[in-house]
$ cat final_21.cif   # mmCIF, C-alpha atoms
data_upload
#
loop_
_atom_site.label_atom_id
_atom_site.label_comp_id
_atom_site.auth_asym_id
_atom_site.auth_seq_id
_atom_site.Cartn_x
_atom_site.Cartn_y
_atom_site.Cartn_z
CA MET J 1 103.15 90.47 106.08
CA THR J 2 101.98 93.88 104.89
CA GLU J 3 102.99 95.25 101.53
CA PRO J 4 105.41 98.18 101.65
CA THR J 5 103.85 101.52 100.83
CA ASP J 6 104.79 103.44 97.71
CA HIS J 7 106.89 105.87 99.73
CA GLU J 8 108.79 103.03 101.41
CA CYS J 9 109.46 101.50 98.00
CA VAL J 10 110.69 104.83 96.67
CA ARG J 11 113.06 105.21 99.65
CA ARG J 12 114.45 101.73 99.12
CA ALA J 13 114.74 102.26 95.37
CA GLN J 14 116.64 105.49 96.04
CA GLN J 15 119.17 103.38 97.92
CA GLY J 16 119.57 101.12 94.88
CA ASP J 17 117.09 98.38 95.77
CA GLU J 18 116.01 97.01 92.40
CA ARG J 19 113.33 94.82 93.96
CA ALA J 20 111.60 97.87 95.42
CA PHE J 21 111.51 99.52 92.02
CA GLU J 22 110.10 96.33 90.53
CA VAL J 23 107.30 96.45 93.11
CA LEU J 24 106.53 100.03 92.11
CA VAL J 25 106.45 99.18 88.40
CA ARG J 26 104.25 96.11 88.87
CA ARG J 27 101.89 97.99 91.18
CA HIS J 28 101.32 100.97 88.89
CA GLN J 29 101.89 99.63 85.38
CA VAL J 30 98.20 99.03 84.59
CA ARG J 31 97.34 102.58 85.59
CA ALA J 32 100.18 104.04 83.52
CA LEU J 33 99.23 101.88 80.52
CA ARG J 34 95.57 102.82 80.82
CA VAL J 35 96.26 106.56 80.82
CA ALA J 36 98.71 106.24 77.94
CA ARG J 37 96.27 104.15 75.89
CA ASN J 38 93.40 106.51 76.52
CA LEU J 39 95.48 109.40 75.22
CA VAL J 40 97.43 107.66 72.48
CA ALA J 41 95.44 105.45 70.15
CA ASP J 42 98.23 103.11 69.06
CA PRO J 43 98.72 100.37 71.71
CA ASP J 44 102.41 99.94 70.91
CA GLU J 45 103.10 103.65 71.18
CA ALA J 46 101.13 103.75 74.42
CA GLN J 47 103.19 100.88 75.83
CA ASP J 48 106.42 102.63 74.83
CA LEU J 49 105.21 105.79 76.56
CA ALA J 50 104.40 103.92 79.77
CA GLN J 51 107.79 102.25 79.68
CA GLU J 52 109.56 105.55 79.11
CA ALA J 53 107.58 107.03 81.99
CA PHE J 54 108.91 104.40 84.39
CA LEU J 55 112.45 104.97 83.15
CA ARG J 56 112.04 108.69 83.78
CA VAL J 57 110.70 107.91 87.23
CA PHE J 58 113.79 105.86 87.95
CA ARG J 59 116.15 108.50 86.59
CA SER J 60 114.67 111.19 88.81
CA LEU J 61 113.91 109.13 91.93
CA ASP J 62 116.24 111.33 93.96
CA ARG J 63 114.04 114.32 93.21
CA PHE J 64 110.82 112.65 94.39
CA ASP J 65 108.81 114.89 96.69
CA PHE J 66 107.48 112.81 99.58
CA GLU J 67 104.76 115.41 100.14
CA HIS J 68 102.91 113.94 97.16
CA GLU J 69 101.65 110.52 96.19
CA PHE J 70 103.78 108.41 93.90
CA SER J 71 100.76 107.80 91.65
CA THR J 72 100.29 111.56 91.16
CA TRP J 73 103.91 111.84 90.07
CA LEU J 74 103.60 108.90 87.71
CA TYR J 75 100.36 110.25 86.23
CA ARG J 76 102.10 113.54 85.66
CA ILE J 77 105.01 111.97 83.81
CA VAL J 78 102.77 109.74 81.68
CA THR J 79 100.40 112.61 80.87
CA ASN J 80 103.23 114.95 79.93
CA LEU J 81 104.83 112.33 77.71
CA ALA J 82 101.50 111.63 76.04
CA ILE J 83 100.77 115.33 75.51
CA ASP J 84 104.22 115.84 73.99
CA HIS J 85 103.60 112.87 71.74
CA LEU J 86 100.19 114.22 70.67
CA ARG J 87 101.59 117.66 70.00
CA ARG J 88 104.40 116.28 67.85
CA ARG J 89 101.88 114.22 65.93
CA ARG J 90 99.55 117.20 65.48
CA VAL J 91 102.33 119.34 64.09
CA ALA J 92 103.37 116.57 61.69
CA ARG J 93 99.77 115.96 60.61
CA SER J 94 98.89 119.63 60.14
CA THR J 95 102.07 120.17 58.14
CA ALA J 96 101.21 117.23 55.91
CA ALA J 97 97.59 118.37 55.56
CA ASN J 98 98.64 121.90 54.67
CA ALA J 99 100.94 120.53 52.02
CA ASP J 100 98.15 118.38 50.60
CA ASP J 101 95.21 120.74 50.79
CA GLU J 102 96.80 124.15 50.45
CA GLY J 103 94.69 125.49 53.29
CA ASN J 104 91.40 123.87 52.33
CA GLY J 105 90.90 122.44 55.81
CA ILE J 106 87.17 121.76 55.68
CA ASP J 107 87.57 118.50 53.84
CA LEU J 108 86.57 116.26 56.72
CA VAL J 109 84.34 113.91 54.75
CA ASP J 110 85.90 110.56 54.38
CA GLU J 111 85.03 107.14 53.10
CA SER J 112 84.16 104.42 55.53
CA ASN J 113 82.25 101.20 55.72
CA THR J 114 80.32 102.39 58.70
CA SER J 115 76.63 102.66 58.13
CA PRO J 116 74.59 105.04 60.26
CA ASP J 117 71.73 102.53 60.40
CA ARG J 118 73.79 99.73 61.81
CA PRO J 119 73.74 99.58 65.59
CA MET J 120 77.16 100.36 66.87
CA GLU J 121 79.02 97.79 68.85
CA ALA J 122 80.94 98.77 71.94
CA GLY J 123 84.23 98.55 70.08
CA GLU J 124 82.95 100.76 67.34
CA THR J 125 81.63 103.30 69.83
CA ALA J 126 84.96 103.26 71.58
CA ALA J 127 86.73 103.92 68.30
CA ARG J 128 84.43 106.85 67.57
CA VAL J 129 84.86 108.22 71.06
CA ARG J 130 88.61 107.93 70.66
CA ALA J 131 88.43 109.80 67.37
CA CYS J 132 86.38 112.57 68.97
CA ILE J 133 88.75 112.88 71.92
CA ALA J 134 91.74 112.84 69.60
CA SER J 135 90.26 115.77 67.72
CA LEU J 136 90.50 117.93 70.85
CA ALA J 137 93.56 119.87 71.87
CA PRO J 138 95.95 117.82 74.05
CA HIS J 139 95.29 119.80 77.23
CA PHE J 140 91.56 119.08 76.91
CA GLN J 141 92.27 115.43 76.20
CA SER J 142 94.41 114.97 79.29
CA VAL J 143 91.87 116.59 81.62
CA LEU J 144 88.97 114.64 80.11
CA VAL J 145 90.78 111.31 80.35
CA LEU J 146 91.96 111.89 83.90
CA ARG J 147 88.51 112.98 85.07
CA GLU J 148 86.17 110.78 83.05
CA LEU J 149 88.21 107.62 82.69
CA GLU J 150 90.49 107.67 85.71
CA GLY J 151 87.94 109.29 88.01
CA LEU J 152 90.43 111.68 89.59
CA ALA J 153 89.31 114.78 91.46
CA CYS J 154 89.91 118.20 89.92
CA THR J 155 92.42 119.11 92.63
CA GLU J 156 94.54 116.07 91.87
CA ILE J 157 94.27 116.69 88.13
CA ALA J 158 95.48 120.23 88.79
CA ARG J 159 98.58 118.82 90.49
CA ILE J 160 99.16 116.35 87.66
CA VAL J 161 98.84 118.78 84.76
CA GLY J 162 100.49 121.63 86.65
CA ALA J 163 97.54 124.01 86.35
CA THR J 164 95.25 125.70 88.83
CA HIS J 165 92.03 124.13 90.02
CA VAL J 166 90.04 126.81 88.18
CA THR J 167 91.87 126.14 84.92
CA VAL J 168 91.20 122.43 85.24
CA ARG J 169 87.49 123.03 85.80
CA TRP J 170 87.36 125.33 82.81
CA ARG J 171 89.17 122.79 80.62
CA LEU J 172 86.82 120.10 81.83
CA HIS J 173 83.80 122.24 81.04
CA ARG J 174 85.06 123.15 77.57
CA GLY J 175 86.36 119.64 76.89
CA ARG J 176 82.99 118.06 77.64
CA LYS J 177 81.16 120.57 75.48
CA LEU J 178 83.61 120.23 72.60
CA PHE J 179 83.49 116.46 72.79
CA GLN J 180 79.69 116.53 72.68
CA GLU J 181 79.65 118.93 69.76
CA GLU J 182 82.21 116.89 67.86
CA TRP J 183 80.25 113.69 68.48
CA GLU J 184 76.99 115.26 67.31
CA ARG J 185 78.68 116.80 64.28
CA ARG J 186 79.96 113.40 63.22
CA GLU J 187 76.55 111.85 63.75
CA ARG J 188 74.90 114.55 61.65
CA MET J 189 77.39 114.00 58.86
CA ALA J 190 76.86 110.27 58.99
CA ALA J 191 73.09 110.75 58.90
CA ALA J 192 73.37 113.12 55.95
CA GLY J 193 75.08 110.43 53.92
CA PHE J 194 78.66 111.43 54.52
CA PHE J 195 80.82 108.82 56.08
CA ASP J 196 83.13 109.50 58.85
CA ARG J 197 86.21 107.43 59.47
CA ALA J 198 85.45 106.61 63.06
CA ASN J 199 88.67 105.00 64.11
CA GLU J 200 90.91 107.86 63.10
CA PRO J 201 91.18 111.32 64.56
CA ALA J 202 90.23 114.32 62.51
CA PRO J 203 93.07 115.80 60.50
CA PHE J 204 92.73 119.06 62.41
CA ALA J 205 92.28 119.23 66.12
CA VAL J 206 89.56 121.19 67.86
CA ASP J 207 91.12 123.89 69.94
CA ASP J 208 89.42 126.97 71.25
CA SER J 209 91.46 127.09 74.39
CA GLY J 210 92.98 130.50 74.03
CA GLU J 211 95.87 129.12 76.15
CA GLY J 212 98.56 129.38 73.54
CA ASP J 213 98.73 126.75 70.84
CA SER J 214 97.32 129.44 68.58
CA ALA J 215 99.59 128.29 65.79
CA GLN J 216 97.64 125.05 65.65
CA PRO J 217 94.90 124.91 63.04
CA THR J 218 91.34 124.65 64.23
CA ILE J 219 88.24 123.39 62.50
CA HIS J 220 85.61 125.25 64.38
CA ASP J 221 85.76 127.80 67.09
CA ARG J 222 82.37 127.63 68.62
CA MET T 1 58.01 130.77 82.75
CA SER T 2 59.64 133.94 81.54
CA THR T 3 62.15 133.91 84.41
CA VAL T 4 63.08 130.33 83.54
CA ASN T 5 63.84 131.25 79.94
CA GLN T 6 65.99 134.17 81.00
CA ASP T 7 68.04 131.86 83.21
CA CYS T 8 68.51 129.18 80.55
CA PRO T 9 71.77 130.48 78.96
CA LYS T 10 73.31 130.95 82.39
CA ILE T 11 72.25 127.52 83.58
CA ARG T 12 73.47 125.80 80.40
CA GLN T 13 76.92 127.16 81.07
CA HIS T 14 77.00 124.96 84.15
CA LEU T 15 75.50 121.79 82.69
CA ALA T 16 78.81 120.27 81.58
CA LEU T 17 80.22 120.46 85.10
CA PHE T 18 76.87 119.60 86.67
CA ALA T 19 76.72 116.36 84.65
CA GLY T 20 79.98 115.22 86.21
CA ARG T 21 79.09 116.43 89.72
CA ASP T 22 81.93 118.93 89.51
CA LEU T 23 79.85 121.96 90.40
CA GLU T 24 79.90 123.67 93.80
CA GLU T 25 76.97 122.94 96.09
CA PRO T 26 75.17 126.33 95.86
CA LEU T 27 75.36 126.33 92.05
CA CYS T 28 74.28 122.71 92.01
CA ARG T 29 71.10 123.55 93.92
CA LEU T 30 70.43 126.46 91.56
CA VAL T 31 70.78 124.21 88.49
CA GLU T 32 68.61 121.51 90.02
CA ALA T 33 65.89 124.03 90.79
CA HIS T 34 66.01 125.33 87.23
CA LEU T 35 65.99 121.84 85.68
CA ALA T 36 62.89 120.93 87.65
CA ALA T 37 61.01 123.66 85.83
CA CYS T 38 62.73 123.77 82.40
CA GLY T 39 62.23 120.95 79.89
CA ALA T 40 64.68 122.38 77.32
CA CYS T 41 67.56 122.48 79.79
CA SER T 42 66.67 118.99 81.01
CA ALA T 43 66.94 117.75 77.42
CA GLU T 44 70.30 119.50 77.09
CA LEU T 45 71.44 117.78 80.28
CA SER T 46 70.39 114.40 78.86
CA ARG T 47 72.59 115.00 75.79
CA THR T 48 75.52 115.92 78.02
CA LEU T 49 75.03 112.81 80.15
CA ALA T 50 74.84 110.63 77.04
CA ALA T 51 78.16 112.05 75.85
CA ARG T 52 79.74 111.22 79.19
CA GLU T 53 78.43 107.67 79.00
CA ARG T 54 80.04 107.23 75.59
CA ILE T 55 83.39 108.30 76.99
CA SER T 56 83.11 105.64 79.67
CA VAL T 57 82.69 103.03 76.90
CA LEU T 58 86.18 103.94 75.73
CA GLY T 59 87.47 103.42 79.27
CA ALA T 60 86.02 99.92 79.46
CA GLN T 61 87.48 99.01 76.06
CA THR T 62 90.92 100.34 76.91
CA ALA T 63 91.13 98.48 80.19
CA ARG T 64 90.74 95.13 78.45
CA GLY T 65 93.85 92.99 78.39
CA LEU T 66 96.01 95.45 80.28
CA ASP T 67 96.48 93.02 83.16
CA ALA T 68 98.30 90.64 80.83
CA ILE T 69 100.98 93.21 80.01
CA ASP T 70 104.10 93.25 82.15
CA LEU T 71 106.32 96.27 81.64
CA TRP T 72 108.98 95.27 84.17
CA PRO T 73 111.19 93.09 81.91
CA ALA T 74 111.40 95.80 79.25
CA VAL T 75 111.93 98.54 81.85
CA ARG T 76 114.62 96.49 83.55
CA GLU T 77 116.36 95.82 80.24
CA SER T 78 116.36 99.50 79.27
CA TRP T 79 117.52 100.41 82.73
CA ALA T 80 120.41 97.90 82.57
CA ARG T 81 121.35 99.22 79.13
CA GLU T 82 121.43 102.76 80.48
CA ARG T 83 123.58 101.75 83.44
CA GLU T 84 125.99 99.90 81.13
CA ALA T 85 126.21 102.91 78.84
CA ALA T 86 126.91 105.18 81.81
CA ARG T 87 129.59 102.80 83.09
CA THR T 88 131.26 102.66 79.68
CA GLU T 89 131.19 106.43 79.47
CA VAL T 90 132.85 106.77 82.87
CA ALA T 91 135.50 104.21 81.96
CA ALA T 92 136.24 106.01 78.70
CA LEU T 93 136.49 109.27 80.59
CA ASN T 94 139.00 107.75 83.05
CA LEU T 95 141.11 106.34 80.24
CA SER T 96 141.23 109.63 78.44
CA ARG T 97 142.34 111.45 81.59
CA PRO T 98 146.14 112.06 81.62
CA HIS T 99 148.42 110.97 84.51
CA SER T 100 145.73 108.85 86.06
CA THR T 101 148.38 106.60 87.72
CA ARG T 102 150.16 109.56 89.22
CA ARG T 103 146.89 110.96 90.56
CA ARG T 104 146.21 107.67 92.26
CA TRP T 105 149.44 108.05 94.29
CA ILE T 106 148.70 111.56 95.48
CA PRO T 107 146.42 110.57 98.36
CA VAL T 108 148.80 107.78 99.38
CA SER T 109 151.71 110.23 99.50
CA LEU T 110 149.66 112.70 101.51
CA ALA T 111 148.71 110.02 104.00
CA ALA T 112 152.34 108.92 104.36
CA ALA T 113 153.47 112.51 104.94
CA ALA T 114 150.77 113.02 107.55
CA ALA T 115 151.84 109.82 109.33
CA ALA T 116 155.50 110.93 109.32
CA ILE T 117 154.59 114.31 110.78
CA ALA T 118 152.46 112.66 113.46
CA LEU T 119 155.33 110.31 114.43
CA PHE T 120 157.82 113.15 114.58
CA THR T 121 155.50 115.22 116.73
CA ALA T 122 154.90 112.32 119.12
CA LEU T 123 158.64 111.74 119.58
CA HIS T 124 159.33 115.39 119.93
CA TRP T 125 156.80 115.97 122.75
CA GLY T 126 158.33 113.41 125.09
CA ILE T 127 156.41 110.24 124.56
CA GLY T 128 158.63 107.28 125.48
CA ASP T 129 162.33 107.70 126.19
CA ALA T 130 163.17 109.99 123.36
CA GLN T 131 165.22 113.09 124.20
CA PRO T 132 162.98 116.09 124.22
CA PHE T 133 163.72 118.81 121.84
CA ALA T 134 161.96 122.06 121.77
CA PRO T 135 162.64 124.70 119.23
CA GLY T 136 164.55 127.43 120.96
CA ALA T 137 165.46 125.24 123.94
CA PRO T 138 169.07 125.52 125.09
CA GLN T 139 171.48 122.97 123.62
CA GLY T 140 174.92 121.74 124.67
CA PRO T 141 175.96 121.98 128.31
CA GLN T 142 172.84 123.86 129.23
CA ALA T 143 170.61 121.38 127.53
CA PRO T 144 167.76 120.12 129.66
CA GLY T 145 169.09 116.55 129.48
CA ASN T 146 172.39 117.47 131.07
CA THR T 147 172.15 116.52 134.73
CA GLU T 148 175.30 118.46 135.62
CA ASN T 149 173.52 121.71 135.13
CA VAL T 150 170.35 120.96 136.94
CA ALA T 151 170.52 124.09 139.04
CA GLN T 152 171.11 126.20 135.98
CA ASN T 153 168.36 124.40 134.19
CA VAL T 154 165.98 125.37 136.91
CA ASP T 155 166.86 128.97 136.23
CA LEU T 156 166.38 128.41 132.55
CA VAL T 157 162.79 127.56 133.09
CA PRO T 158 161.03 130.82 132.55
CA ALA T 159 159.10 131.88 135.55
CA ALA T 160 155.45 131.88 134.88
CA GLU T 161 154.01 135.29 134.90
CA PRO T 162 151.14 135.94 137.20
CA VAL T 163 148.01 135.09 135.41
CA SER T 164 146.17 138.14 134.32
CA ASN T 165 143.00 139.08 136.05
CA GLY T 166 141.07 138.53 132.90
CA SER T 167 141.99 134.87 132.72
CA LEU T 168 140.93 134.30 136.31
CA ARG T 169 137.63 135.96 135.86
CA ARG T 170 134.84 133.81 137.17
CA ALA T 171 132.87 132.39 134.32
CA GLY T 172 129.43 133.89 134.10
CA PRO T 173 126.27 131.81 133.83
CA GLY T 174 126.19 130.02 130.50
CA GLU T 175 129.74 130.99 129.76
CA GLU T 176 132.09 128.19 128.97
CA ARG T 177 135.06 127.70 131.29
CA LEU T 178 138.08 127.80 129.10
CA ARG T 179 141.62 126.79 129.70
CA ASP T 180 143.84 129.81 130.15
CA SER T 181 145.70 130.36 126.94
CA SER T 182 147.72 133.28 128.27
CA ALA T 183 149.81 131.03 130.58
CA PRO T 184 153.46 131.04 129.55
CA LEU T 185 154.99 128.13 127.73
CA ILE T 186 156.56 125.71 130.18
CA PHE T 187 158.47 122.53 129.62
CA PRO T 188 156.57 119.34 129.76
CA ARG T 189 156.10 117.75 133.13
CA SER T 190 157.97 114.65 132.02
CA TRP T 191 161.15 116.66 131.53
CA HIS T 192 160.97 118.11 135.05
CA GLU T 193 160.47 114.66 136.47
CA ARG T 194 163.40 113.21 134.57
CA THR T 195 165.77 116.03 135.34
CA GLY T 196 164.65 116.56 138.90
CA ALA T 197 164.04 120.19 138.25
CA GLY T 198 161.44 121.90 140.35
CA GLN T 199 158.09 122.93 139.09
CA PRO T 200 157.55 126.54 138.19
CA ASN T 201 156.75 128.19 141.49
CA SER T 202 153.94 130.35 140.45
CA LEU T 203 151.97 127.42 139.11
CA ALA T 204 152.71 124.95 141.89
CA GLY T 205 149.57 123.59 143.39
CA ASP T 206 147.40 125.36 140.85
CA ASP T 207 146.45 122.58 138.51
CA SER T 208 143.25 124.19 137.56
CA LEU T 209 145.00 126.46 135.11
CA ARG T 210 146.97 123.79 133.28
#
$ encode --input "final_21.cif" --output "C-alpha cells"
Amino acid sequence: MTEPTDHECVRRAQQGDERAFEVLVRRHQVRALRVARNLVADPDEAQDLAQEAFLRVFRSLDRFDFEHEFSTWLYRIVTNLAIDHLRRRRVARSTAANADDEGNGIDLVDESNTSPDRPMEAGETAARVRACIASLAPHFQSVLVLRELEGLACTEIARIVGATHVTVRWRLHRGRKLFQEEWERRERMAAAGFFDRANEPAPFAVDDSGEGDSAQPTIHDR
Amino acid sequence: MSTVNQDCPKIRQHLALFAGRDLEEPLCRLVEAHLAACGACSAELSRTLAARERISVLGAQTARGLDAIDLWPAVRESWAREREAARTEVAALNLSRPHSTRRRWIPVSLAAAAAAIALFTALHWGIGDAQPFAPGAPQGPQAPGNTENVAQNVDLVPAAEPVSNGSLRRAGPGEERLRDSSAPLIFPRSWHERTGAGQPNSLAGDDSLR
C-alpha cells in the first residue's frame, strides 16, 4: 500500500482527520527540527519552535495553497518563527550590552579554555561555526542555513523567505563572505592570544544588509 | 598577466556564489577561465571552500539524535488544549447570551407556521374532497358547489380571452418555450368535473397553453 502524499494528508486533515495530521508531523518533524536547531542554538528552544510551527500549520490548514509543496510551507513557518526569535533575542542582547558598555561595543575579547594550538574536534568546530552564523543578521542566517545545510535551491529559498531570487542570491553571497570574514577574524584573535568564546554568539550581530534593520548595532561594516 | 590582475576584483565578487555552484553558466565559465591563470584568486577560492566545509560540520552535528525526537505527542497535547479552550469559550459565550431558550424555539415556530400554510394551501386548491374556496369566488346560492345553479355557474366562469399574439409567437431557436402567463385565471379542472360545468370554450382542446 502506497503512502499518502503530503497534499492528500493535508486534504484529509482539513476534514478533521487527526491521523492524517499525525502522518504529516511524523514525516516532516526531523526537517523542521533540523532547521530550527541550525538557526537557534538552544535545543529546547529549537524544539519549542518546531512544535509551534506544526501548531501554526494546523491552525491555518484551511489556507494551504495546493500550488506549493507542504515542505516549502513548513520551512517558511519554521524559518519565520526562528527569525522572529533571533530578532527578539538580538534586541534584548543589544539593549543589555548598551546598558553594560555604554556604547563601547568593540569589547569582543572573552575568556575561554580554548587553545588555538589544540586541534579542534568536530563538536568544537560546530560550536564555532554556530557562533559565527549567530553573529550574522537573521536574514543572512536563514538563507545560509537553507542553502548550505538543507541544500535547497535559491528559487525555493526565495519562496520560503518571501524574497526575490536575486535578493536570495545576494544574501547568499554576502552571508558566505561575512561568515568567512567572521571565522577568520576569530581565528586571528585566537592566534594573537585573545580567546574567543566559541560556543556563544557575538554580543553584536554582523549586519551590512542595508535591508532595514538599521537600528541594530553592527560590529564591522566591511 | 596584467589583464588577469585587472579582472581579479570582478572575479572575486563571484567566488562566494561560484563556490556553491550558484553562479550562472556563462559567469561560471568566465570564473573558471580566470582561476586557471590566477593563483591569488585560486587561493581565495580555497578559503571560501574551506568556510563552506566548516558550515557543513555544523549540519552533521545538528542532525545527530534528531530521529529520536517525536514531536507528535506534544503537538497533539497542545492541539487538544487549544480545542478544549475554544470549546469552553464557545460554551461561555452561549451561556452569556440572553434568551437563548427563546431563540431555540424560533426555527421550530417558523417550521410549524410553514407547515400550516402548506396544509391550508393544499386544502384550498382542491386536493381531496375539501370544498374549494377561491378568494373572490361567489358564495351562497351562486357558489360553485351548489348544483342547483349549474347553468349559472357556467356563466360565472369567466370566458377566457383570446390569447394574445405575443404569447402564441413561435419560439425562436434557443429560446425557451414558456407557459403562457397571460391566460386568464380559470377554476381548477377538478371543480368543473365535480359540478359538471363545461370547460371554458376558448381553451377547449388546446391543452398546450395550460
$ interface_residues --input "final_21.cif" --of "chain J" --to "chain T" --cutoff "7 Å" --atoms "all atoms listed in the file" --output "NGL selection string"
:J and (22 or 25-26 or 29-30 or 34 or 37-38 or 51 or 55 or 122-123 or 126 or 129-130 or 148-149 or 173 or 176-177 or 180)
$ atom_distance --input "final_21.cif" --atom1 "CA of Ala53 in chain J" --atom2 "CA of Val78 in chain J"
5.5 Å
$ residues_around --input "final_21.cif" --residues "Leu35 in chain T" --least-positions-apart "2" --cutoff "10 Å" --atoms "only C-alpha atoms" --output "mmCIF file with C-alpha atoms, in the coordinates of the input"
data_model
loop_
_atom_site.group_PDB
_atom_site.id
_atom_site.type_symbol
_atom_site.label_atom_id
_atom_site.label_comp_id
_atom_site.auth_asym_id
_atom_site.auth_seq_id
_atom_site.Cartn_x
_atom_site.Cartn_y
_atom_site.Cartn_z
ATOM 1 C CA VAL T 4 63.080 130.330 83.540
ATOM 2 C CA CYS T 8 68.510 129.180 80.550
ATOM 3 C CA ILE T 11 72.250 127.520 83.580
ATOM 4 C CA ARG T 12 73.470 125.800 80.400
ATOM 5 C CA LEU T 15 75.500 121.790 82.690
ATOM 6 C CA ARG T 29 71.100 123.550 93.920
ATOM 7 C CA LEU T 30 70.430 126.460 91.560
ATOM 8 C CA VAL T 31 70.780 124.210 88.490
ATOM 9 C CA GLU T 32 68.610 121.510 90.020
ATOM 10 C CA ALA T 33 65.890 124.030 90.790
ATOM 11 C CA ALA T 37 61.010 123.660 85.830
ATOM 12 C CA CYS T 38 62.730 123.770 82.400
ATOM 13 C CA GLY T 39 62.230 120.950 79.890
ATOM 14 C CA ALA T 40 64.680 122.380 77.320
ATOM 15 C CA CYS T 41 67.560 122.480 79.790
ATOM 16 C CA SER T 42 66.670 118.990 81.010
ATOM 17 C CA ALA T 43 66.940 117.750 77.420
ATOM 18 C CA GLU T 44 70.300 119.500 77.090
ATOM 19 C CA LEU T 45 71.440 117.780 80.280
#
$ atom_distance --input "final_21.cif" --atom1 "CA of Tyr75 in chain J" --atom2 "CA of Val166 in chain J"
19.6 Å
$ atom_distance --input "final_21.cif" --atom1 "CA of Arg169 in chain J" --atom2 "CA of Ala131 in chain J"
22.7 Å
$ closest_residue --input "final_21.cif" --among "J:Ala41, J:His139, J:Trp183, J:Thr72" --to "Ala153 in chain J" --atoms "all atoms listed in the file"
J:Thr72
$ build_atoms --input "final_21.cif" --residues "range 109-114 of chain T" --atoms "all heavy atoms" --output "short mmCIF file (atom, residue, chain, number, x, y, z; two decimals), keeping the file's coordinate frame"
data_model
loop_
_atom_site.label_atom_id
_atom_site.label_comp_id
_atom_site.auth_asym_id
_atom_site.auth_seq_id
_atom_site.Cartn_x
_atom_site.Cartn_y
_atom_site.Cartn_z
N SER T 109 150.57 109.42 99.07
CA SER T 109 151.71 110.23 99.50
C SER T 109 151.31 111.18 100.61
O SER T 109 152.06 111.35 101.60
CB SER T 109 152.24 111.05 98.32
OG SER T 109 152.34 110.25 97.19
N LEU T 110 150.14 111.78 100.47
CA LEU T 110 149.66 112.70 101.51
C LEU T 110 149.49 111.98 102.83
O LEU T 110 149.87 112.49 103.89
CB LEU T 110 148.34 113.34 101.06
CG LEU T 110 148.45 114.41 99.97
CD1 LEU T 110 147.06 114.86 99.55
CD2 LEU T 110 149.26 115.59 100.48
N ALA T 111 148.94 110.78 102.77
CA ALA T 111 148.71 110.02 104.00
C ALA T 111 150.05 109.65 104.64
O ALA T 111 150.21 109.74 105.87
CB ALA T 111 147.91 108.75 103.68
N ALA T 112 151.03 109.28 103.83
CA ALA T 112 152.34 108.92 104.36
C ALA T 112 153.00 110.14 105.02
O ALA T 112 153.59 110.04 106.10
CB ALA T 112 153.22 108.38 103.24
N ALA T 113 152.89 111.29 104.38
CA ALA T 113 153.47 112.51 104.94
C ALA T 113 152.81 112.85 106.27
O ALA T 113 153.49 113.23 107.24
CB ALA T 113 153.30 113.65 103.94
N ALA T 114 151.49 112.71 106.31
CA ALA T 114 150.77 113.02 107.55
C ALA T 114 151.22 112.08 108.67
O ALA T 114 151.41 112.49 109.82
CB ALA T 114 149.27 112.89 107.32
#
